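Engineer: Structure in structure tokens, see below.
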Amino acid sequence: MKRLRIAVQKSGRLSEISLELLKECGIDVKNGRAQLVASASNFPLDILYLRDDDIPQYVEDGVADLGILGENVVVESRANIDIIKRLDFGRCRLSLAVPKAVDYQGLEYFQDRKVATSYPNILNDYLSANGITSEVHVISGSVEIAPNIGLADAICDIVSTGSTLLSNGLKEVESIFRSEAVLVSRKGLDTEGANILQKLLFRLDSVRAAKSNKYVVLNAPNDSIEAITQVLPGMKSPTVVPLATEGWSAIHSVLNEEKFWDIIDDLKAAGAQGILVVPIEKMII
Ligand code: ATP
Ligand code: ZN
């Protein structure tokens, strides 16, 4: 039977969580990361462990069929591959930062100035879209020290909390690109390959749906059931089960996490008691 190969980051911020996500999809990967390739025992997928920067090229060339990596790396690579799905983790932004002492008034600051970055393509696109020309210097690591050692007037780098910038005497002044981890695919998967990808996507959707929903169980006097079911959206309609105590029922439903607190208040107001909120492991929609 045909198998697909998925490239994930070998070691770094995305590696653990990428494997965890596959595991939540019920895909068992036995061998550790000591080897370059590992096989899933219960799903037609092989895992290829790579540096994240190498993933776009490997996927474009078809050495891997799929990949999990930061969108920042995908866009910077300019590889001819498809972004199939945003994965809701590894969020960060690419920002321009200048020394704290600079009285920053706007993007004109960067005109003809030296900017150090590991993301020359994304930066140049942004600058030219805004009519600015800078001297872009490409450095591969520790970009944030460039201004201190006189190598640049500013930097463009990944920021998540900003503490690295602060400790290097820099301040963030423009955020130019927002990123999260994405699932990518090579062009031209055959029918069998596309079927395996569909199966994987279906599982990813079920895991995602489960994470953003809660299972809610509550007790209510029978004359409150109608008011309570009005408040509960549920997947279809809620399940109502009589309790041993005469005149009372248990109501079971599924709630979206975002609406959660608002609805809990409404439920209490409608007469709900003993509200239990339980995580859902998988949700098939
Ligand atoms: P590799 O050895 O695979 O080349 P790396 O050093 O390039 O690893 P990591 O630092 O592990 O990469 O980051 C991987 C990805 O994690 C980034 O490309 C980005 O998409 C995402 N990310 C999320 N938050 C941050 C952050 N605070 N700093 C850097 N990257 C982050
Ligand atoms: Zn990297």
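So you can find residues: chains in the structure tokens are A, B, ... in the order shown, residues in each start at 1, and ligands are numbered from 1 in order.
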Mind listing the residues within 6 Å of ligand 2, only C-alpha atoms and all ligand atoms counted, as a list in words?

Structural biologist: Arg51, Asp52 and Asp53 of chain A

Engineer: Give me a file of those residues, with N, CA and C atoms, as a PDB file, in the first residue's frame.

Structural biologist:
```pdb
ATOM      1  N   ARG A  51      15.909  19.696   9.494  1.00  0.00           N
ATOM      2  CA  ARG A  51      15.942  21.100   9.938  1.00  0.00           C
ATOM      3  C   ARG A  51      14.788  21.816   9.254  1.00  0.00           C
ATOM      4  N   ASP A  52      14.144  22.701   9.962  1.00  0.00           N
ATOM      5  CA  ASP A  52      12.940  23.315   9.371  1.00  0.00           C
ATOM      6  C   ASP A  52      13.243  24.042   8.058  1.00  0.00           C
ATOM      7  N   ASP A  53      14.428  24.641   7.967  1.00  0.00           N
ATOM      8  CA  ASP A  53      14.778  25.403   6.761  1.00  0.00           C
ATOM      9  C   ASP A  53      14.884  24.513   5.522  1.00  0.00           C
TER      10      ASP A  53
END
```

Engineer: Per residue of chain A within 8 Å of ligand 1, what are the shortest atom pair and its distance in Å to one decimal, counting only C-alpha atoms and all ligand atoms, with rows by chain and residue number, as a tab-separated table?

Structural biologist:
```
residue	atom	partner	partner_atom_place_in_ligand_line	distance
A:Gln9	CA	ligand 1	3 (O)	5.4
A:Lys10	CA	ligand 1	3 (O)	6.3
A:Ser11	CA	ligand 1	3 (O)	5.9
A:Gly12	CA	ligand 1	11 (O)	3.3
A:Arg13	CA	ligand 1	11 (O)	3.9
A:Leu14	CA	ligand 1	16 (O)	5.5
A:Ser15	CA	ligand 1	11 (O)	7.7
A:Leu50	CA	ligand 1	3 (O)	6.7
A:Arg51	CA	ligand 1	3 (O)	3.5
A:Asp52	CA	ligand 1	3 (O)	4.0
A:Asp53	CA	ligand 1	4 (O)	5.4
A:Asp54	CA	ligand 1	4 (O)	7.9
A:Leu69	CA	ligand 1	20 (O)	6.5
A:Gly70	CA	ligand 1	20 (O)	3.5
A:Glu71	CA	ligand 1	20 (O)	6.1
A:Asn72	CA	ligand 1	20 (O)	5.6
A:Val73	CA	ligand 1	18 (O)	5.6
A:Phe89	CA	ligand 1	23 (C)	7.9
A:Gly90	CA	ligand 1	23 (C)	4.2
A:Arg91	CA	ligand 1	23 (C)	5.1
A:Cys92	CA	ligand 1	24 (N)	4.7
A:Arg93	CA	ligand 1	24 (N)	7.8
A:Ile158	CA	ligand 1	28 (N)	5.4
A:Val159	CA	ligand 1	27 (N)	5.3
A:Ser160	CA	ligand 1	27 (N)	4.2
A:Thr161	CA	ligand 1	27 (N)	6.7
A:Ser179	CA	ligand 1	20 (O)	6.2
A:Glu180	CA	ligand 1	20 (O)	6.0
A:Ala181	CA	ligand 1	20 (O)	6.1
```

Engineer: Would you write out those residues with N, CA and C atoms, as a PDB file, in the first residue's frame?

Structural biologist:
```pdb
ATOM      1  N   GLN A   9      10.105  19.054  11.988  1.00  0.00           N
ATOM      2  CA  GLN A   9      11.367  19.600  12.501  1.00  0.00           C
ATOM      3  C   GLN A   9      12.028  18.574  13.428  1.00  0.00           C
ATOM      4  N   LYS A  10      13.306  18.330  13.211  1.00  0.00           N
ATOM      5  CA  LYS A  10      14.023  17.313  13.987  1.00  0.00           C
ATOM      6  C   LYS A  10      14.150  17.722  15.454  1.00  0.00           C
ATOM      7  N   SER A  11      14.660  18.934  15.683  1.00  0.00           N
ATOM      8  CA  SER A  11      14.675  19.409  17.073  1.00  0.00           C
ATOM      9  C   SER A  11      14.547  20.915  17.044  1.00  0.00           C
ATOM     10  N   GLY A  12      13.680  21.396  17.894  1.00  0.00           N
ATOM     11  CA  GLY A  12      13.397  22.825  17.903  1.00  0.00           C
ATOM     12  C   GLY A  12      12.015  23.063  18.467  1.00  0.00           C
ATOM     13  N   ARG A  13      11.557  24.283  18.295  1.00  0.00           N
ATOM     14  CA  ARG A  13      10.290  24.678  18.914  1.00  0.00           C
ATOM     15  C   ARG A  13       9.090  23.893  18.421  1.00  0.00           C
ATOM     16  N   LEU A  14       9.137  23.421  17.172  1.00  0.00           N
ATOM     17  CA  LEU A  14       7.939  22.794  16.613  1.00  0.00           C
ATOM     18  C   LEU A  14       7.971  21.273  16.690  1.00  0.00           C
ATOM     19  N   SER A  15       9.131  20.685  17.046  1.00  0.00           N
ATOM     20  CA  SER A  15       9.245  19.230  16.873  1.00  0.00           C
ATOM     21  C   SER A  15       8.337  18.439  17.796  1.00  0.00           C
ATOM     22  N   LEU A  50      13.874  16.663   9.850  1.00  0.00           N
ATOM     23  CA  LEU A  50      14.768  17.580   9.137  1.00  0.00           C
ATOM     24  C   LEU A  50      14.907  18.908   9.869  1.00  0.00           C
ATOM     25  N   ARG A  51      15.909  19.696   9.494  1.00  0.00           N
ATOM     26  CA  ARG A  51      15.942  21.100   9.938  1.00  0.00           C
ATOM     27  C   ARG A  51      14.788  21.816   9.254  1.00  0.00           C
ATOM     28  N   ASP A  52      14.144  22.701   9.962  1.00  0.00           N
ATOM     29  CA  ASP A  52      12.940  23.315   9.371  1.00  0.00           C
ATOM     30  C   ASP A  52      13.243  24.042   8.058  1.00  0.00           C
ATOM     31  N   ASP A  53      14.428  24.641   7.967  1.00  0.00           N
ATOM     32  CA  ASP A  53      14.778  25.403   6.761  1.00  0.00           C
ATOM     33  C   ASP A  53      14.884  24.513   5.522  1.00  0.00           C
ATOM     34  N   ASP A  54      15.133  23.208   5.733  1.00  0.00           N
ATOM     35  CA  ASP A  54      15.281  22.296   4.595  1.00  0.00           C
ATOM     36  C   ASP A  54      13.942  21.749   4.113  1.00  0.00           C
ATOM     37  N   LEU A  69       5.703  22.960   9.391  1.00  0.00           N
ATOM     38  CA  LEU A  69       6.716  23.982   9.688  1.00  0.00           C
ATOM     39  C   LEU A  69       6.066  25.350   9.798  1.00  0.00           C
ATOM     40  N   GLY A  70       6.869  26.324  10.220  1.00  0.00           N
ATOM     41  CA  GLY A  70       6.351  27.683  10.370  1.00  0.00           C
ATOM     42  C   GLY A  70       6.069  28.300   8.997  1.00  0.00           C
ATOM     43  N   GLU A  71       4.961  29.037   8.932  1.00  0.00           N
ATOM     44  CA  GLU A  71       4.610  29.706   7.677  1.00  0.00           C
ATOM     45  C   GLU A  71       5.697  30.696   7.275  1.00  0.00           C
ATOM     46  N   ASN A  72       6.373  31.282   8.260  1.00  0.00           N
ATOM     47  CA  ASN A  72       7.469  32.206   7.979  1.00  0.00           C
ATOM     48  C   ASN A  72       8.538  31.541   7.115  1.00  0.00           C
ATOM     49  N   VAL A  73       8.845  30.281   7.430  1.00  0.00           N
ATOM     50  CA  VAL A  73       9.884  29.562   6.680  1.00  0.00           C
ATOM     51  C   VAL A  73       9.382  29.214   5.272  1.00  0.00           C
ATOM     52  N   PHE A  89      -0.653  26.346  16.230  1.00  0.00           N
ATOM     53  CA  PHE A  89       0.422  26.424  17.228  1.00  0.00           C
ATOM     54  C   PHE A  89       1.635  27.088  16.586  1.00  0.00           C
ATOM     55  N   GLY A  90       2.679  27.353  17.402  1.00  0.00           N
ATOM     56  CA  GLY A  90       3.893  27.981  16.866  1.00  0.00           C
ATOM     57  C   GLY A  90       3.656  29.406  16.391  1.00  0.00           C
ATOM     58  N   ARG A  91       2.738  30.099  17.077  1.00  0.00           N
ATOM     59  CA  ARG A  91       2.442  31.466  16.655  1.00  0.00           C
ATOM     60  C   ARG A  91       3.597  32.405  16.972  1.00  0.00           C
ATOM     61  N   CYS A  92       3.937  33.260  16.050  1.00  0.00           N
ATOM     62  CA  CYS A  92       4.944  34.280  16.267  1.00  0.00           C
ATOM     63  C   CYS A  92       4.769  35.347  15.194  1.00  0.00           C
ATOM     64  N   ARG A  93       5.540  36.411  15.315  1.00  0.00           N
ATOM     65  CA  ARG A  93       5.470  37.442  14.277  1.00  0.00           C
ATOM     66  C   ARG A  93       6.875  37.850  13.877  1.00  0.00           C
ATOM     67  N   ILE A 158      12.109  37.261  14.289  1.00  0.00           N
ATOM     68  CA  ILE A 158      10.921  36.653  14.895  1.00  0.00           C
ATOM     69  C   ILE A 158      10.779  37.099  16.340  1.00  0.00           C
ATOM     70  N   VAL A 159       9.576  37.464  16.707  1.00  0.00           N
ATOM     71  CA  VAL A 159       9.301  37.903  18.074  1.00  0.00           C
ATOM     72  C   VAL A 159       8.127  37.087  18.578  1.00  0.00           C
ATOM     73  N   SER A 160       8.215  36.592  19.815  1.00  0.00           N
ATOM     74  CA  SER A 160       6.963  36.080  20.374  1.00  0.00           C
ATOM     75  C   SER A 160       6.598  36.857  21.626  1.00  0.00           C
ATOM     76  N   THR A 161       7.552  37.047  22.545  1.00  0.00           N
ATOM     77  CA  THR A 161       7.225  37.864  23.722  1.00  0.00           C
ATOM     78  C   THR A 161       7.925  39.220  23.702  1.00  0.00           C
ATOM     79  N   SER A 179       2.772  34.585  11.790  1.00  0.00           N
ATOM     80  CA  SER A 179       2.999  33.202  11.381  1.00  0.00           C
ATOM     81  C   SER A 179       2.447  32.216  12.401  1.00  0.00           C
ATOM     82  N   GLU A 180       2.122  31.028  11.919  1.00  0.00           N
ATOM     83  CA  GLU A 180       1.838  29.899  12.803  1.00  0.00           C
ATOM     84  C   GLU A 180       2.286  28.647  12.051  1.00  0.00           C
ATOM     85  N   ALA A 181       2.307  27.512  12.727  1.00  0.00           N
ATOM     86  CA  ALA A 181       2.713  26.284  12.052  1.00  0.00           C
ATOM     87  C   ALA A 181       1.656  25.908  11.017  1.00  0.00           C
TER      88      ALA A 181
END
```

Engineer: Would you mind telling me which residue in A:Val115, A:Leu183, A:Ile176, A:Leu21 lies nearest to A:Ile83 when using only C-alpha atoms?

Structural biologist: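 That would be A:Leu183, the residue with the smallest distance to A:Ile83.
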
Engineer: For A:Ile27, work out the shell of residues within 12 Å, counting only C-alpha atoms and skipping chain neighbours fewer than 5 positions away, then give it as a PyMOL selection string.

Structural biologist: chain A and resi 18-22+38-47+199-200+203-204

Engineer: List every residue of stretch 148-231 of chain A that has an atom at most 7 Å from any atom of stretch 264-270 of chain A, and for each one report the closest atom pair and its distance in Å to one decimal, counting only C-alpha atoms, with rows sorted by chain and then by increasing residue number, as a tab-separated table.

Structural biologist:
```
residue	atom	partner	partner_atom	distance
A:Ser224	CA	A:Ala270	CA	6.4
A:Ala227	CA	A:Ala270	CA	6.0
A:Ile228	CA	A:Ala270	CA	5.9
A:Val231	CA	A:Leu267	CA	6.8
```
